[in-house]
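Reproduced below: target-v6.txt, with compact mmCIF, C-alpha atoms.
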# COMPACT_ATOMS: atom_id res chain seq x y z
CA MET A 1 -28.58 36.73 -158.32
CA GLY A 2 -26.85 34.08 -160.40
CA LEU A 3 -23.86 34.51 -162.62
CA LYS A 4 -23.97 35.94 -166.11
CA ILE A 5 -22.33 33.72 -168.74
CA TYR A 6 -20.96 34.64 -172.16
CA LEU A 7 -22.32 32.22 -174.74
CA ASN A 8 -21.62 32.72 -178.45
CA GLY A 9 -21.69 36.50 -178.45
CA GLN A 10 -24.37 37.03 -175.83
CA ILE A 11 -24.23 37.44 -172.07
CA VAL A 12 -27.07 35.46 -170.55
CA PRO A 13 -28.18 34.42 -167.04
CA GLN A 14 -26.54 31.25 -165.76
CA GLU A 15 -29.76 29.23 -166.00
CA GLU A 16 -30.09 30.15 -169.68
CA ALA A 17 -26.50 29.25 -170.59
CA LYS A 18 -27.19 25.92 -172.28
CA ILE A 19 -25.49 23.86 -174.96
CA SER A 20 -26.80 21.04 -177.12
CA VAL A 21 -26.35 17.42 -176.09
CA PHE A 22 -24.94 16.99 -179.61
CA ASP A 23 -22.05 19.36 -178.93
CA HIS A 24 -18.81 17.49 -179.61
CA GLY A 25 -17.24 19.13 -176.58
CA LEU A 26 -19.66 17.08 -174.48
CA LEU A 27 -19.76 13.97 -176.64
CA TYR A 28 -16.03 13.60 -177.24
CA GLY A 29 -14.14 16.19 -175.20
CA ASP A 30 -13.44 17.93 -178.50
CA GLY A 31 -12.41 21.47 -177.67
CA VAL A 32 -9.93 23.61 -175.76
CA PHE A 33 -9.98 25.77 -172.65
CA GLU A 34 -8.04 28.18 -170.48
CA GLY A 35 -8.19 29.19 -166.83
CA ILE A 36 -7.27 32.83 -166.26
CA ARG A 37 -7.12 35.04 -163.16
CA ALA A 38 -8.09 38.67 -162.69
CA TYR A 39 -6.75 40.73 -159.80
CA ASN A 40 -8.14 44.17 -158.91
CA GLY A 41 -9.92 44.33 -162.24
CA LYS A 42 -6.80 43.54 -164.28
CA ILE A 43 -6.67 40.27 -166.19
CA PHE A 44 -3.32 38.66 -165.41
CA THR A 45 -1.19 37.47 -168.35
CA LEU A 46 -4.21 37.69 -170.67
CA GLN A 47 -2.21 37.72 -173.89
CA GLU A 48 -0.22 34.63 -172.90
CA HIS A 49 -3.41 32.72 -172.12
CA LEU A 50 -5.03 33.78 -175.39
CA ASP A 51 -1.92 32.80 -177.33
CA ARG A 52 -1.99 29.34 -175.72
CA LEU A 53 -5.73 28.95 -176.31
CA TYR A 54 -5.43 29.73 -180.01
CA ALA A 55 -2.32 27.53 -180.32
CA SER A 56 -4.19 24.62 -178.68
CA ALA A 57 -7.11 25.18 -181.04
CA GLY A 58 -4.78 25.25 -184.04
CA ALA A 59 -3.16 22.01 -182.92
CA ILE A 60 -6.53 20.22 -183.08
CA SER A 61 -7.62 21.98 -186.32
CA LEU A 62 -10.27 24.03 -184.52
CA THR A 63 -10.79 27.53 -185.92
CA ILE A 64 -11.98 29.95 -183.24
CA PRO A 65 -14.54 32.20 -184.94
CA ILE A 66 -13.48 35.47 -183.28
CA SER A 67 -10.12 37.23 -182.98
CA LYS A 68 -7.94 37.33 -179.89
CA ALA A 69 -8.82 41.00 -179.43
CA GLU A 70 -12.53 40.21 -179.59
CA MET A 71 -12.05 37.36 -177.13
CA GLY A 72 -10.29 39.69 -174.72
CA GLU A 73 -13.14 42.18 -174.90
CA ALA A 74 -15.68 39.39 -174.37
CA ILE A 75 -13.86 38.35 -171.19
CA LYS A 76 -13.82 41.93 -169.88
CA ASN A 77 -17.52 42.38 -170.67
CA THR A 78 -18.40 39.15 -168.85
CA MET A 79 -16.44 40.26 -165.79
CA ALA A 80 -18.22 43.60 -165.83
CA ALA A 81 -21.63 41.92 -166.14
CA ASN A 82 -20.84 39.98 -162.97
CA ASN A 83 -19.40 43.02 -161.18
CA LEU A 84 -16.18 41.13 -160.50
CA THR A 85 -12.73 42.62 -160.02
CA ASN A 86 -11.06 39.51 -158.57
CA SER A 87 -12.11 36.39 -160.40
CA TYR A 88 -11.25 33.09 -162.00
CA ILE A 89 -12.12 33.04 -165.69
CA ARG A 90 -12.89 29.80 -167.50
CA LEU A 91 -12.71 30.18 -171.26
CA VAL A 92 -14.05 27.24 -173.28
CA VAL A 93 -14.22 26.68 -177.03
CA THR A 94 -15.96 23.50 -178.21
CA ARG A 95 -16.07 21.99 -181.69
CA GLY A 96 -19.79 22.76 -181.70
CA VAL A 97 -23.00 20.91 -182.47
CA GLY A 98 -22.58 17.92 -184.77
CA LYS A 99 -23.74 14.41 -185.47
CA LEU A 100 -23.27 11.20 -183.52
CA GLY A 101 -19.91 10.27 -184.96
CA LEU A 102 -16.35 11.50 -184.77
CA ASP A 103 -16.26 13.58 -187.96
CA PRO A 104 -15.56 17.20 -186.87
CA ASN A 105 -16.54 18.44 -190.34
CA LYS A 106 -20.15 17.71 -189.44
CA CYS A 107 -20.05 20.29 -186.64
CA ALA A 108 -21.63 23.56 -187.71
CA ARG A 109 -19.74 26.19 -185.71
CA PRO A 110 -17.51 26.24 -182.63
CA GLN A 111 -19.14 27.43 -179.42
CA ILE A 112 -17.51 29.96 -177.12
CA ILE A 113 -18.29 29.95 -173.40
CA ILE A 114 -16.86 32.36 -170.84
CA ILE A 115 -17.48 31.89 -167.12
CA THR A 116 -16.23 34.40 -164.55
CA ASP A 117 -16.47 33.30 -160.94
CA THR A 118 -14.34 32.93 -157.82
CA ILE A 119 -12.10 29.96 -156.97
CA GLU A 120 -10.23 28.58 -153.97
CA LEU A 121 -8.29 25.51 -155.00
CA TYR A 122 -6.41 25.18 -151.71
CA SER A 123 -7.13 26.57 -148.25
CA LYS A 124 -5.10 29.41 -146.76
CA ALA A 125 -3.75 26.96 -144.17
CA LEU A 126 -2.14 24.80 -146.86
CA TYR A 127 -0.15 27.78 -148.17
CA GLU A 128 1.20 28.23 -144.65
CA LYS A 129 1.91 24.61 -143.73
CA GLY A 130 2.40 23.01 -147.17
CA LEU A 131 0.82 20.31 -149.30
CA ASP A 132 1.21 16.52 -149.29
CA ILE A 133 1.38 14.95 -152.75
CA VAL A 134 1.66 11.36 -153.96
CA THR A 135 3.00 9.66 -157.09
CA VAL A 136 0.18 7.95 -159.00
CA THR A 137 0.20 5.02 -161.40
CA THR A 138 -1.59 6.98 -164.14
CA ILE A 139 1.20 8.24 -166.42
CA ARG A 140 1.05 11.51 -168.33
CA ASN A 141 -0.24 11.28 -171.89
CA HIS A 142 2.52 10.60 -174.40
CA PHE A 143 3.05 13.52 -176.78
CA SER A 144 2.57 11.31 -179.85
CA ALA A 145 -0.90 10.31 -178.63
CA LEU A 146 -2.20 13.59 -177.21
CA ASP A 147 0.42 16.24 -176.64
CA PRO A 148 0.13 17.64 -173.08
CA LYS A 149 0.98 21.08 -174.50
CA ILE A 150 -2.57 21.08 -175.92
CA LYS A 151 -4.97 22.26 -173.20
CA SER A 152 -7.93 20.26 -174.46
CA LEU A 153 -11.32 19.43 -172.97
CA ASN A 154 -10.21 15.81 -172.94
CA TYR A 155 -8.92 15.92 -169.35
CA LEU A 156 -9.53 12.32 -168.38
CA ASN A 157 -5.81 11.61 -168.01
CA ASN A 158 -5.60 14.28 -165.30
CA ILE A 159 -8.89 13.27 -163.68
CA LEU A 160 -7.81 9.64 -163.29
CA ALA A 161 -4.62 10.83 -161.62
CA LYS A 162 -6.62 13.12 -159.34
CA ILE A 163 -8.88 10.25 -158.31
CA GLU A 164 -5.80 8.28 -157.25
CA SER A 165 -4.50 11.14 -155.12
CA ILE A 166 -7.89 11.66 -153.46
CA ARG A 167 -8.07 7.98 -152.57
CA ALA A 168 -4.57 8.21 -151.12
CA GLY A 169 -5.57 11.20 -149.01
CA ALA A 170 -3.10 13.50 -150.76
CA GLY A 171 -3.61 17.04 -152.01
CA GLU A 172 -2.26 16.47 -155.51
CA ALA A 173 -1.17 13.71 -157.88
CA LEU A 174 2.40 13.55 -159.17
CA MET A 175 2.44 12.13 -162.69
CA LEU A 176 5.44 10.51 -164.37
CA ASN A 177 5.92 10.12 -168.11
CA LYS A 178 6.29 6.83 -169.97
CA ASP A 179 10.03 6.77 -169.26
CA GLY A 180 9.55 7.21 -165.52
CA TYR A 181 10.67 10.83 -165.36
CA VAL A 182 8.70 13.44 -163.42
CA ALA A 183 6.24 15.27 -165.65
CA GLU A 184 3.82 17.37 -163.64
CA CYS A 185 0.91 17.13 -161.24
CA ALA A 186 -2.70 16.58 -162.28
CA GLY A 187 -3.41 20.31 -162.32
CA ASP A 188 -0.10 22.04 -161.68
CA ASN A 189 3.53 22.24 -162.75
CA ILE A 190 6.20 21.17 -160.26
CA PHE A 191 9.45 22.81 -159.12
CA ILE A 192 12.16 21.84 -156.68
CA VAL A 193 14.91 23.86 -155.07
CA LYS A 194 18.30 22.17 -154.76
CA ASP A 195 21.48 23.97 -153.68
CA ASN A 196 19.73 27.34 -154.14
CA ALA A 197 18.85 26.57 -157.77
CA LEU A 198 15.31 26.25 -159.11
CA ILE A 199 14.68 23.13 -161.23
CA THR A 200 11.58 22.11 -163.19
CA PRO A 201 10.94 19.46 -165.86
CA PRO A 202 11.44 20.59 -169.48
CA ALA A 203 8.73 20.57 -172.15
CA SER A 204 10.23 17.32 -173.47
CA ALA A 205 9.15 15.56 -170.25
CA GLY A 206 5.57 15.82 -171.51
CA ILE A 207 4.08 18.78 -169.66
CA LEU A 208 1.63 21.56 -170.17
CA ILE A 209 3.83 24.63 -170.40
CA GLY A 210 2.14 26.62 -167.67
CA ILE A 211 1.69 30.38 -167.82
CA THR A 212 2.32 30.63 -164.07
CA ARG A 213 5.35 28.34 -164.49
CA ASN A 214 6.84 30.80 -166.96
CA VAL A 215 6.11 33.80 -164.70
CA VAL A 216 7.76 32.09 -161.73
CA MET A 217 10.86 31.22 -163.78
CA LYS A 218 11.14 34.86 -164.83
CA LEU A 219 10.69 36.12 -161.26
CA ALA A 220 13.34 33.71 -159.99
CA ALA A 221 15.82 34.90 -162.61
CA GLU A 222 15.13 38.52 -161.62
CA MET A 223 15.85 37.55 -157.99
CA GLY A 224 19.21 36.12 -158.99
CA ILE A 225 18.15 32.50 -158.54
CA ALA A 226 19.56 30.03 -161.06
CA VAL A 227 16.76 28.40 -163.08
CA LYS A 228 17.18 25.03 -164.79
CA GLU A 229 14.91 22.85 -166.89
CA GLU A 230 16.06 19.27 -166.36
CA LEU A 231 14.68 15.76 -166.44
CA MET A 232 14.06 14.61 -162.87
CA THR A 233 13.33 11.32 -161.17
CA ARG A 234 11.38 10.84 -157.96
CA CYS A 235 14.72 10.50 -156.19
CA ASP A 236 15.56 14.08 -157.20
CA LEU A 237 12.33 15.20 -155.60
CA TYR A 238 12.87 13.20 -152.42
CA ILE A 239 16.28 14.79 -151.78
CA ALA A 240 15.25 18.33 -152.75
CA ASP A 241 15.66 21.21 -150.30
CA GLU A 242 12.25 22.62 -151.22
CA CYS A 243 9.34 21.80 -153.53
CA PHE A 244 6.33 23.73 -154.77
CA LEU A 245 3.62 23.63 -157.41
CA THR A 246 2.46 26.38 -159.75
CA GLY A 247 -0.78 26.99 -161.62
CA THR A 248 -3.26 29.71 -162.45
CA ALA A 249 -5.66 28.67 -159.71
CA ALA A 250 -3.03 27.43 -157.25
CA GLU A 251 -0.57 30.29 -157.86
CA ILE A 252 2.45 28.97 -155.86
CA ILE A 253 1.80 26.35 -153.20
CA PRO A 254 4.52 24.68 -151.10
CA VAL A 255 4.90 20.90 -151.01
CA VAL A 256 6.21 19.37 -147.77
CA THR A 257 5.83 15.64 -148.37
CA ILE A 258 5.98 13.45 -151.46
CA ASP A 259 4.91 9.80 -151.07
CA THR A 260 4.98 10.45 -147.29
CA ARG A 261 8.68 11.43 -147.49
CA VAL A 262 9.44 14.76 -145.86
CA ILE A 263 10.97 17.32 -148.23
CA GLY A 264 13.66 19.55 -146.76
CA THR A 265 12.65 20.76 -143.31
CA GLY A 266 9.06 19.67 -143.77
CA LYS A 267 7.98 23.30 -143.91
CA PRO A 268 7.62 25.81 -146.79
CA GLY A 269 11.15 26.83 -147.75
CA LYS A 270 12.66 30.31 -147.87
CA ILE A 271 12.92 30.47 -151.66
CA THR A 272 9.37 29.17 -152.07
CA GLN A 273 8.07 31.82 -149.67
CA ALA A 274 10.09 34.57 -151.35
CA LEU A 275 8.73 33.61 -154.77
CA LEU A 276 5.17 33.47 -153.45
CA LYS A 277 5.52 36.97 -151.99
CA LYS A 278 7.00 38.26 -155.25
CA TYR A 279 4.24 36.60 -157.25
CA ARG A 280 1.48 38.05 -155.07
CA ASP A 281 3.05 41.50 -155.23
CA LEU A 282 3.04 41.20 -159.01
CA THR A 283 -0.57 40.04 -159.26
CA VAL A 284 -1.93 42.53 -156.77
CA HIS A 285 0.09 45.58 -157.75
CA GLY A 286 0.88 44.76 -161.38
What is this file in structure tokens?
Amino acid sequence: MGLKIYLNGQIVPQEEAKISVFDHGLLYGDGVFEGIRAYNGKIFTLQEHLDRLYASAGAISLTIPISKAEMGEAIKNTMAANNLTNSYIRLVVTRGVGKLGLDPNKCARPQIIIITDTIELYSKALYEKGLDIVTVTTIRNHFSALDPKIKSLNYLNNILAKIESIRAGAGEALMLNKDGYVAECAGDNIFIVKDNALITPPASAGILIGITRNVVMKLAAEMGIAVKEELMTRCDLYIADECFLTGTAAEIIPVVTIDTRVIGTGKPGKITQALLKKYRDLTVHG
């Protein structure tokens, strides 16, 4: 049996979940989305994801036609329809069906799509041996053009970076901002460990403020690890003791080389492994 998809208030079979070719989400990438995880039937950090979704929508003047509470119930109902307790949830809100032209006022009503499925972004082996990443030439969008804090359907900036990393044979793409400072990876936030302190780029570096990023920073503080948000160059990464990436799908994944340079011992570090264990305990046991 195929998946059941939530589409504008109804849960329908996957093959019936269709949108118009005139939807501005398809024509122009006009919309917002979230990726959310559920563990043992519990949706992890649901409120934080909904807050970010509605904030992203507000930033592009898109009014979501249902409340956050209704959206939460729709997600739970879609999970139940698919008999899933552990799943990856993709929540999409498009501008809706409109005309050929940019005017969003000609779109009738936003469309809401909820997909609940499984995901494996990286293999189990990579969590044990670590990931190789590479700096790409595609820079992160400047906040005055399209603020990276907005999780929009216009993901071409990230896709172009990902293409570069694939061609280089690396697992992820490290993106810099216009000033040459480290921003984030194509799909994940980045952290380093230096002298037992955890460091990650600040919002001002031009990043998506990740939900998992925030959870990891909180866990580190609870473990007595100093947490800093600082501008970083590639040099800071190269001389780090440890490095890892965070994201909803990735969770916490160690990085062992950057631009073929070995980071630390070349193996997942002790703090990275401790945070990953703490994170998995939290997601599994709540």
Let me make sure I understand: among A:Ala74, A:Val182, A:Ile199, A:Val92, which one has the smallest atom-to-atom distance to Ile112 of chain A if we use all atoms listed in the file?
A:Val92
So, counting only C-alpha atoms, which residue among A:Ala80, A:Ile252, A:Ile150, A:Leu126 is closest to Ile11 of chain A?
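Answer, going by the shortest atom-to-atom distance: A:Ala80.
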Do you know which residues are at most 10 Å from Asn8 of chain A counting only C-alpha atoms, after dropping those on the same chain fewer than 6 positions away, and could you put them as a ChimeraX atom specification?
/A:17,65-66,74,93,109-114
Could you give me, as an mmCIF file with C-alpha atoms, keeping the file's coordinate frame, the residues within 10 Å of segment 94-108 of chain A, counting all atoms listed in the file and dropping anything in the same chain fewer than 5 positions from it?
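Just written: part_27.cif:
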data_model
loop_
_atom_site.group_PDB
_atom_site.id
_atom_site.type_symbol
_atom_site.label_atom_id
_atom_site.label_comp_id
_atom_site.auth_asym_id
_atom_site.auth_seq_id
_atom_site.Cartn_x
_atom_site.Cartn_y
_atom_site.Cartn_z
ATOM 1 C CA ILE A 19 -25.490 23.860 -174.960
ATOM 2 C CA SER A 20 -26.800 21.040 -177.120
ATOM 3 C CA VAL A 21 -26.350 17.420 -176.090
ATOM 4 C CA PHE A 22 -24.940 16.990 -179.610
ATOM 5 C CA ASP A 23 -22.050 19.360 -178.930
ATOM 6 C CA HIS A 24 -18.810 17.490 -179.610
ATOM 7 C CA GLY A 25 -17.240 19.130 -176.580
ATOM 8 C CA LEU A 26 -19.660 17.080 -174.480
ATOM 9 C CA LEU A 27 -19.760 13.970 -176.640
ATOM 10 C CA TYR A 28 -16.030 13.600 -177.240
ATOM 11 C CA GLY A 29 -14.140 16.190 -175.200
ATOM 12 C CA ASP A 30 -13.440 17.930 -178.500
ATOM 13 C CA GLY A 31 -12.410 21.470 -177.670
ATOM 14 C CA VAL A 32 -9.930 23.610 -175.760
ATOM 15 C CA PHE A 33 -9.980 25.770 -172.650
ATOM 16 C CA ALA A 57 -7.110 25.180 -181.040
ATOM 17 C CA ILE A 60 -6.530 20.220 -183.080
ATOM 18 C CA SER A 61 -7.620 21.980 -186.320
ATOM 19 C CA LEU A 62 -10.270 24.030 -184.520
ATOM 20 C CA THR A 63 -10.790 27.530 -185.920
ATOM 21 C CA ILE A 64 -11.980 29.950 -183.240
ATOM 22 C CA ILE A 113 -18.290 29.950 -173.400
ATOM 23 C CA SER A 152 -7.930 20.260 -174.460
ATOM 24 C CA LEU A 153 -11.320 19.430 -172.970
#
Atom CA of Lys129 of chain A sits from atom CA of Phe244 of chain A at a separation of 11.9 Å
Counting all atoms listed in the file, the residue of A:Gly41, A:Gly264, A:Gly187, A:Pro201 that sits nearest Thr85 of chain A
A:Gly41
Calculate how many Å separate atom CA of Tyr39 of chain A from atom CA of Val284 of chain A, rounding to one decimal.
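Atom CA of Val284 of chain A lies 6.0 Å from atom CA of Tyr39 of chain A.
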